[in-house]
Structure formats: structure tokens, C-alpha cells
Amino acid sequence: MLENDKDLKYALTEASGERIQVGRRKPITELDIAADKMSASVKLNCSENYLKENHSVIIGNILCMYCKK
């Protein structure tokens, strides 16, 4: 998933043949922990199939991200 599809739309309409960066890839996992540490949310930017194939790696990454916060 891309963070900003406006750049992609511009690149497709111009189609000049030159290379252009159209955005940054979103991370597979995004972790948000409330300031009071009473709640947290995890956003997964992947397909269901990718999640099924990489479940244990993704869970490990989420736990690792939590430990760093």
C-alpha cells in the first residue's frame, strides 16, 4: 500500500518515460500505544493471504515493536 496515491496518479497521467518516485511503502505493521498505556491498536497493511503465510513473523514484529516503545 502506498501512503499517497496523488503522486501515482500524476505519474500515470504524465507518463513521460522518466523514473519518478510515487510514494513510500507503508510498513506491514503499525503500532499505536496510548500515552496512558491502557490501550493499543495495531494496523496491518497486508492482504489476508500474506498474513496467513507470515503470521508468526508478523506477531513477532508486533511484540518487538511493543518492547521498543
# chains A, B, ... in the order shown; residues from 1 in each chain; ligands from 1
>>> select_by_dssp(residues="chain A", states="strand (DSSP E)", output="ChimeraX atom specification")
/A:29-33,40-44
>>> residues_around(residues="Cys67 of chain A", least_positions_apart="4", cutoff="12 Å", atoms="only C-alpha atoms", output="ChimeraX atom specification")
/A:31,33,60-63
>>> select_by_dssp(residues="chain A", states="helix (DSSP H, G or I)", output="JSON, numbers by chain")
{"A": [5, 6, 7, 8, 9, 10, 11, 12, 13, 14, 48, 49, 50, 51, 52, 53, 55, 56, 57, 58, 59, 60, 61, 62, 63, 64, 65, 66, 67, 68]}
>>> write_last_selection(atoms="N, CA, C and O atoms", output="CSV table (one decimal), in the first residue's frame")
chain,number,residue,atom,x,y,z
A,5,ASP,N,-1.4,8.3,-2.9
A,5,ASP,CA,-1.7,7.9,-4.3
A,5,ASP,C,-1.7,9.1,-5.3
A,5,ASP,O,-1.8,8.9,-6.5
A,6,LYS,N,-1.7,10.3,-4.8
A,6,LYS,CA,-1.7,11.5,-5.6
A,6,LYS,C,-0.5,11.5,-6.6
A,6,LYS,O,-0.6,11.8,-7.8
A,7,ASP,N,0.7,11.1,-6.0
A,7,ASP,CA,1.9,11.1,-6.8
A,7,ASP,C,1.8,10.0,-7.9
A,7,ASP,O,2.3,10.2,-9.0
A,8,LEU,N,1.2,8.9,-7.6
A,8,LEU,CA,1.0,7.8,-8.6
A,8,LEU,C,0.1,8.3,-9.7
A,8,LEU,O,0.3,8.1,-10.9
A,9,LYS,N,-1.0,9.0,-9.3
A,9,LYS,CA,-2.0,9.5,-10.3
A,9,LYS,C,-1.2,10.4,-11.3
A,9,LYS,O,-1.4,10.4,-12.5
A,10,TYR,N,-0.4,11.3,-10.7
A,10,TYR,CA,0.4,12.3,-11.5
A,10,TYR,C,1.3,11.5,-12.5
A,10,TYR,O,1.3,11.8,-13.7
A,11,ALA,N,2.0,10.5,-12.0
A,11,ALA,CA,2.9,9.8,-12.8
A,11,ALA,C,2.2,9.1,-13.9
A,11,ALA,O,2.7,9.0,-15.1
A,12,LEU,N,1.1,8.5,-13.7
A,12,LEU,CA,0.3,7.8,-14.7
A,12,LEU,C,-0.2,8.8,-15.8
A,12,LEU,O,-0.3,8.4,-17.0
A,13,THR,N,-0.7,10.0,-15.4
A,13,THR,CA,-1.2,10.9,-16.3
A,13,THR,C,-0.2,11.5,-17.2
A,13,THR,O,-0.4,11.8,-18.4
A,14,GLU,N,1.0,11.8,-16.6
A,14,GLU,CA,2.1,12.4,-17.4
A,14,GLU,C,2.8,11.4,-18.2
A,14,GLU,O,3.1,11.6,-19.4
A,48,GLU,N,-4.9,-10.7,3.4
A,48,GLU,CA,-5.2,-11.8,4.3
A,48,GLU,C,-4.3,-13.0,4.0
A,48,GLU,O,-3.8,-13.6,4.9
A,49,ASN,N,-4.0,-13.2,2.7
A,49,ASN,CA,-3.2,-14.3,2.3
A,49,ASN,C,-1.7,-14.1,2.9
A,49,ASN,O,-1.1,-15.0,3.4
A,50,TYR,N,-1.2,-12.8,2.8
A,50,TYR,CA,0.1,-12.5,3.3
A,50,TYR,C,0.1,-12.8,4.8
A,50,TYR,O,1.1,-13.3,5.3
A,51,LEU,N,-0.9,-12.4,5.5
A,51,LEU,CA,-1.0,-12.5,6.9
A,51,LEU,C,-1.0,-14.0,7.3
A,51,LEU,O,-0.2,-14.4,8.2
A,52,LYS,N,-1.7,-14.8,6.6
A,52,LYS,CA,-1.7,-16.3,6.8
A,52,LYS,C,-0.4,-16.9,6.6
A,52,LYS,O,0.1,-17.7,7.4
A,53,GLU,N,0.3,-16.5,5.5
A,53,GLU,CA,1.6,-17.1,5.2
A,53,GLU,C,2.8,-16.6,6.2
A,53,GLU,O,3.8,-17.3,6.3
A,55,HIS,N,2.2,-15.2,9.5
A,55,HIS,CA,1.6,-14.9,10.8
A,55,HIS,C,2.6,-14.8,11.9
A,55,HIS,O,2.6,-13.8,12.7
A,56,SER,N,3.4,-15.8,12.1
A,56,SER,CA,4.3,-15.8,13.2
A,56,SER,C,5.4,-14.7,13.1
A,56,SER,O,5.8,-14.1,14.2
A,57,VAL,N,5.8,-14.4,11.9
A,57,VAL,CA,6.8,-13.3,11.8
A,57,VAL,C,6.1,-12.0,12.1
A,57,VAL,O,6.7,-11.1,12.8
A,58,ILE,N,4.9,-11.8,11.6
A,58,ILE,CA,4.2,-10.5,11.9
A,58,ILE,C,3.9,-10.4,13.4
A,58,ILE,O,4.2,-9.3,14.0
A,59,ILE,N,3.5,-11.4,14.1
A,59,ILE,CA,3.3,-11.4,15.5
A,59,ILE,C,4.6,-11.0,16.2
A,59,ILE,O,4.6,-10.2,17.1
A,60,GLY,N,5.7,-11.7,15.8
A,60,GLY,CA,7.0,-11.3,16.4
A,60,GLY,C,7.4,-9.9,16.2
A,60,GLY,O,7.9,-9.3,17.1
A,61,ASN,N,7.1,-9.3,15.0
A,61,ASN,CA,7.4,-7.9,14.8
A,61,ASN,C,6.6,-7.0,15.7
A,61,ASN,O,7.1,-6.0,16.2
A,62,ILE,N,5.3,-7.4,15.8
A,62,ILE,CA,4.4,-6.5,16.7
A,62,ILE,C,5.0,-6.5,18.1
A,62,ILE,O,5.1,-5.5,18.8
A,63,LEU,N,5.3,-7.7,18.6
A,63,LEU,CA,5.8,-7.8,20.0
A,63,LEU,C,7.1,-7.0,20.1
A,63,LEU,O,7.4,-6.4,21.2
A,64,CYS,N,8.0,-7.1,19.1
A,64,CYS,CA,9.3,-6.4,19.1
A,64,CYS,C,9.0,-4.9,19.1
A,64,CYS,O,9.7,-4.2,19.9
A,65,MET,N,8.1,-4.5,18.3
A,65,MET,CA,7.7,-3.0,18.3
A,65,MET,C,7.2,-2.6,19.7
A,65,MET,O,7.6,-1.5,20.1
A,66,TYR,N,6.4,-3.4,20.3
A,66,TYR,CA,5.9,-3.0,21.6
A,66,TYR,C,7.0,-2.9,22.7
A,66,TYR,O,7.0,-2.0,23.5
A,67,CYS,N,8.0,-3.8,22.6
A,67,CYS,CA,9.1,-3.7,23.5
A,67,CYS,C,10.0,-2.5,23.4
A,67,CYS,O,10.6,-2.0,24.3
A,68,LYS,N,10.0,-1.9,22.2
A,68,LYS,CA,10.8,-0.7,21.9
A,68,LYS,C,10.1,0.5,22.3
A,68,LYS,O,10.8,1.6,22.4
>>> residues_around(residues="Thr29 of chain A", least_positions_apart="4", cutoff="7 Å", atoms="only C-alpha atoms", output="list in words")
Val42, Lys43, Leu44, Asn45 and Ile62 of chain A
>>> write_last_selection(atoms="all heavy atoms", output="PDB file, in the first residue's frame")
ATOM      1  N   VAL A  42      -3.211  -2.010  16.572  1.00  0.00           N
ATOM      2  CA  VAL A  42      -2.283  -2.483  15.557  1.00  0.00           C
ATOM      3  C   VAL A  42      -2.998  -2.424  14.222  1.00  0.00           C
ATOM      4  O   VAL A  42      -4.141  -2.891  14.104  1.00  0.00           O
ATOM      5  CB  VAL A  42      -1.825  -3.936  15.832  1.00  0.00           C
ATOM      6  CG1 VAL A  42      -0.950  -4.452  14.704  1.00  0.00           C
ATOM      7  CG2 VAL A  42      -1.094  -4.014  17.158  1.00  0.00           C
ATOM      8  N   LYS A  43      -2.356  -1.830  13.238  1.00  0.00           N
ATOM      9  CA  LYS A  43      -2.905  -1.790  11.885  1.00  0.00           C
ATOM     10  C   LYS A  43      -2.014  -2.640  10.996  1.00  0.00           C
ATOM     11  O   LYS A  43      -0.793  -2.488  11.004  1.00  0.00           O
ATOM     12  CB  LYS A  43      -2.948  -0.354  11.364  1.00  0.00           C
ATOM     13  CG  LYS A  43      -3.565  -0.253   9.986  1.00  0.00           C
ATOM     14  CD  LYS A  43      -3.688   1.183   9.552  1.00  0.00           C
ATOM     15  CE  LYS A  43      -4.299   1.249   8.165  1.00  0.00           C
ATOM     16  NZ  LYS A  43      -4.379   2.626   7.685  1.00  0.00           N
ATOM     17  N   LEU A  44      -2.625  -3.549  10.255  1.00  0.00           N
ATOM     18  CA  LEU A  44      -1.894  -4.413   9.336  1.00  0.00           C
ATOM     19  C   LEU A  44      -2.138  -3.939   7.912  1.00  0.00           C
ATOM     20  O   LEU A  44      -3.289  -3.832   7.480  1.00  0.00           O
ATOM     21  CB  LEU A  44      -2.341  -5.866   9.488  1.00  0.00           C
ATOM     22  CG  LEU A  44      -2.138  -6.475  10.868  1.00  0.00           C
ATOM     23  CD1 LEU A  44      -2.712  -7.880  10.910  1.00  0.00           C
ATOM     24  CD2 LEU A  44      -0.669  -6.482  11.238  1.00  0.00           C
ATOM     25  N   ASN A  45      -1.068  -3.643   7.196  1.00  0.00           N
ATOM     26  CA  ASN A  45      -1.148  -3.195   5.812  1.00  0.00           C
ATOM     27  C   ASN A  45      -0.705  -4.331   4.900  1.00  0.00           C
ATOM     28  O   ASN A  45       0.345  -4.269   4.270  1.00  0.00           O
ATOM     29  CB  ASN A  45      -0.255  -1.961   5.608  1.00  0.00           C
ATOM     30  CG  ASN A  45      -0.678  -0.793   6.467  1.00  0.00           C
ATOM     31  OD1 ASN A  45      -1.839  -0.443   6.489  1.00  0.00           O
ATOM     32  ND2 ASN A  45       0.256  -0.211   7.188  1.00  0.00           N
ATOM     33  N   ILE A  62       5.309  -7.352  15.847  1.00  0.00           N
ATOM     34  CA  ILE A  62       4.432  -6.539  16.704  1.00  0.00           C
ATOM     35  C   ILE A  62       4.953  -6.548  18.140  1.00  0.00           C
ATOM     36  O   ILE A  62       5.055  -5.498  18.785  1.00  0.00           O
ATOM     37  CB  ILE A  62       2.984  -7.050  16.645  1.00  0.00           C
ATOM     38  CG1 ILE A  62       2.405  -6.808  15.249  1.00  0.00           C
ATOM     39  CG2 ILE A  62       2.124  -6.384  17.718  1.00  0.00           C
ATOM     40  CD1 ILE A  62       1.104  -7.511  14.989  1.00  0.00           C
TER      41      ILE A  62
END
>>> atom_distance(atom1="atom CA of Ala40 of chain A", atom2="atom CA of Asn54 of chain A")
21.7 Å
>>> decode(residues="segment 28-52 of chain A", atoms="N, CA and C atoms", output="PDB file, in the first residue's frame")
ATOM      1  N   ILE A  28       4.347  -2.989   7.070  1.00  0.00           N
ATOM      2  CA  ILE A  28       3.355  -4.060   7.194  1.00  0.00           C
ATOM      3  C   ILE A  28       2.548  -3.891   8.480  1.00  0.00           C
ATOM      4  N   THR A  29       3.225  -3.514   9.573  1.00  0.00           N
ATOM      5  CA  THR A  29       2.537  -3.337  10.848  1.00  0.00           C
ATOM      6  C   THR A  29       2.742  -1.923  11.369  1.00  0.00           C
ATOM      7  N   GLU A  30       1.680  -1.342  11.916  1.00  0.00           N
ATOM      8  CA  GLU A  30       1.759  -0.043  12.574  1.00  0.00           C
ATOM      9  C   GLU A  30       1.178  -0.213  13.974  1.00  0.00           C
ATOM     10  N   LEU A  31       1.914   0.230  14.975  1.00  0.00           N
ATOM     11  CA  LEU A  31       1.506   0.080  16.371  1.00  0.00           C
ATOM     12  C   LEU A  31       1.305   1.452  16.996  1.00  0.00           C
ATOM     13  N   ASP A  32       0.159   1.635  17.640  1.00  0.00           N
ATOM     14  CA  ASP A  32      -0.136   2.887  18.334  1.00  0.00           C
ATOM     15  C   ASP A  32      -0.520   2.544  19.762  1.00  0.00           C
ATOM     16  N   ILE A  33       0.265   3.049  20.716  1.00  0.00           N
ATOM     17  CA  ILE A  33       0.003   2.804  22.135  1.00  0.00           C
ATOM     18  C   ILE A  33      -0.393   4.127  22.772  1.00  0.00           C
ATOM     19  N   ALA A  34      -1.510   4.122  23.486  1.00  0.00           N
ATOM     20  CA  ALA A  34      -1.989   5.324  24.152  1.00  0.00           C
ATOM     21  C   ALA A  34      -0.961   5.805  25.170  1.00  0.00           C
ATOM     22  N   ALA A  35      -0.960   7.107  25.420  1.00  0.00           N
ATOM     23  CA  ALA A  35       0.002   7.699  26.356  1.00  0.00           C
ATOM     24  C   ALA A  35      -0.105   7.078  27.747  1.00  0.00           C
ATOM     25  N   ASP A  36      -1.338   6.746  28.158  1.00  0.00           N
ATOM     26  CA  ASP A  36      -1.507   6.146  29.485  1.00  0.00           C
ATOM     27  C   ASP A  36      -1.248   4.634  29.485  1.00  0.00           C
ATOM     28  N   LYS A  37      -0.906   4.092  28.310  1.00  0.00           N
ATOM     29  CA  LYS A  37      -0.584   2.670  28.133  1.00  0.00           C
ATOM     30  C   LYS A  37      -1.736   1.746  28.518  1.00  0.00           C
ATOM     31  N   MET A  38      -2.954   2.280  28.468  1.00  0.00           N
ATOM     32  CA  MET A  38      -4.132   1.482  28.801  1.00  0.00           C
ATOM     33  C   MET A  38      -4.771   0.853  27.560  1.00  0.00           C
ATOM     34  N   SER A  39      -4.355   1.301  26.381  1.00  0.00           N
ATOM     35  CA  SER A  39      -4.898   0.711  25.153  1.00  0.00           C
ATOM     36  C   SER A  39      -3.852   0.808  24.043  1.00  0.00           C
ATOM     37  N   ALA A  40      -4.021  -0.052  23.093  1.00  0.00           N
ATOM     38  CA  ALA A  40      -3.115  -0.066  21.943  1.00  0.00           C
ATOM     39  C   ALA A  40      -3.893  -0.553  20.726  1.00  0.00           C
ATOM     40  N   SER A  41      -3.419  -0.139  19.564  1.00  0.00           N
ATOM     41  CA  SER A  41      -4.034  -0.642  18.336  1.00  0.00           C
ATOM     42  C   SER A  41      -2.933  -0.997  17.350  1.00  0.00           C
ATOM     43  N   VAL A  42      -3.211  -2.010  16.572  1.00  0.00           N
ATOM     44  CA  VAL A  42      -2.283  -2.483  15.557  1.00  0.00           C
ATOM     45  C   VAL A  42      -2.998  -2.424  14.222  1.00  0.00           C
ATOM     46  N   LYS A  43      -2.356  -1.830  13.238  1.00  0.00           N
ATOM     47  CA  LYS A  43      -2.905  -1.790  11.885  1.00  0.00           C
ATOM     48  C   LYS A  43      -2.014  -2.640  10.996  1.00  0.00           C
ATOM     49  N   LEU A  44      -2.625  -3.549  10.255  1.00  0.00           N
ATOM     50  CA  LEU A  44      -1.894  -4.413   9.336  1.00  0.00           C
ATOM     51  C   LEU A  44      -2.138  -3.939   7.912  1.00  0.00           C
ATOM     52  N   ASN A  45      -1.068  -3.643   7.196  1.00  0.00           N
ATOM     53  CA  ASN A  45      -1.148  -3.195   5.812  1.00  0.00           C
ATOM     54  C   ASN A  45      -0.705  -4.331   4.900  1.00  0.00           C
ATOM     55  N   CYS A  46      -1.508  -5.373   4.873  1.00  0.00           N
ATOM     56  CA  CYS A  46      -1.189  -6.537   4.041  1.00  0.00           C
ATOM     57  C   CYS A  46      -2.462  -7.287   3.708  1.00  0.00           C
ATOM     58  N   SER A  47      -2.355  -8.177   2.759  1.00  0.00           N
ATOM     59  CA  SER A  47      -3.510  -8.992   2.388  1.00  0.00           C
ATOM     60  C   SER A  47      -3.723 -10.099   3.418  1.00  0.00           C
ATOM     61  N   GLU A  48      -4.905 -10.655   3.407  1.00  0.00           N
ATOM     62  CA  GLU A  48      -5.209 -11.760   4.312  1.00  0.00           C
ATOM     63  C   GLU A  48      -4.303 -12.956   4.014  1.00  0.00           C
ATOM     64  N   ASN A  49      -4.028 -13.175   2.735  1.00  0.00           N
ATOM     65  CA  ASN A  49      -3.159 -14.279   2.338  1.00  0.00           C
ATOM     66  C   ASN A  49      -1.737 -14.077   2.876  1.00  0.00           C
ATOM     67  N   TYR A  50      -1.217 -12.841   2.750  1.00  0.00           N
ATOM     68  CA  TYR A  50       0.116 -12.536   3.274  1.00  0.00           C
ATOM     69  C   TYR A  50       0.148 -12.768   4.786  1.00  0.00           C
ATOM     70  N   LEU A  51      -0.905 -12.350   5.472  1.00  0.00           N
ATOM     71  CA  LEU A  51      -0.986 -12.544   6.926  1.00  0.00           C
ATOM     72  C   LEU A  51      -0.951 -14.029   7.277  1.00  0.00           C
ATOM     73  N   LYS A  52      -1.706 -14.835   6.554  1.00  0.00           N
ATOM     74  CA  LYS A  52      -1.731 -16.275   6.820  1.00  0.00           C
ATOM     75  C   LYS A  52      -0.355 -16.904   6.614  1.00  0.00           C
TER      76      LYS A  52
END
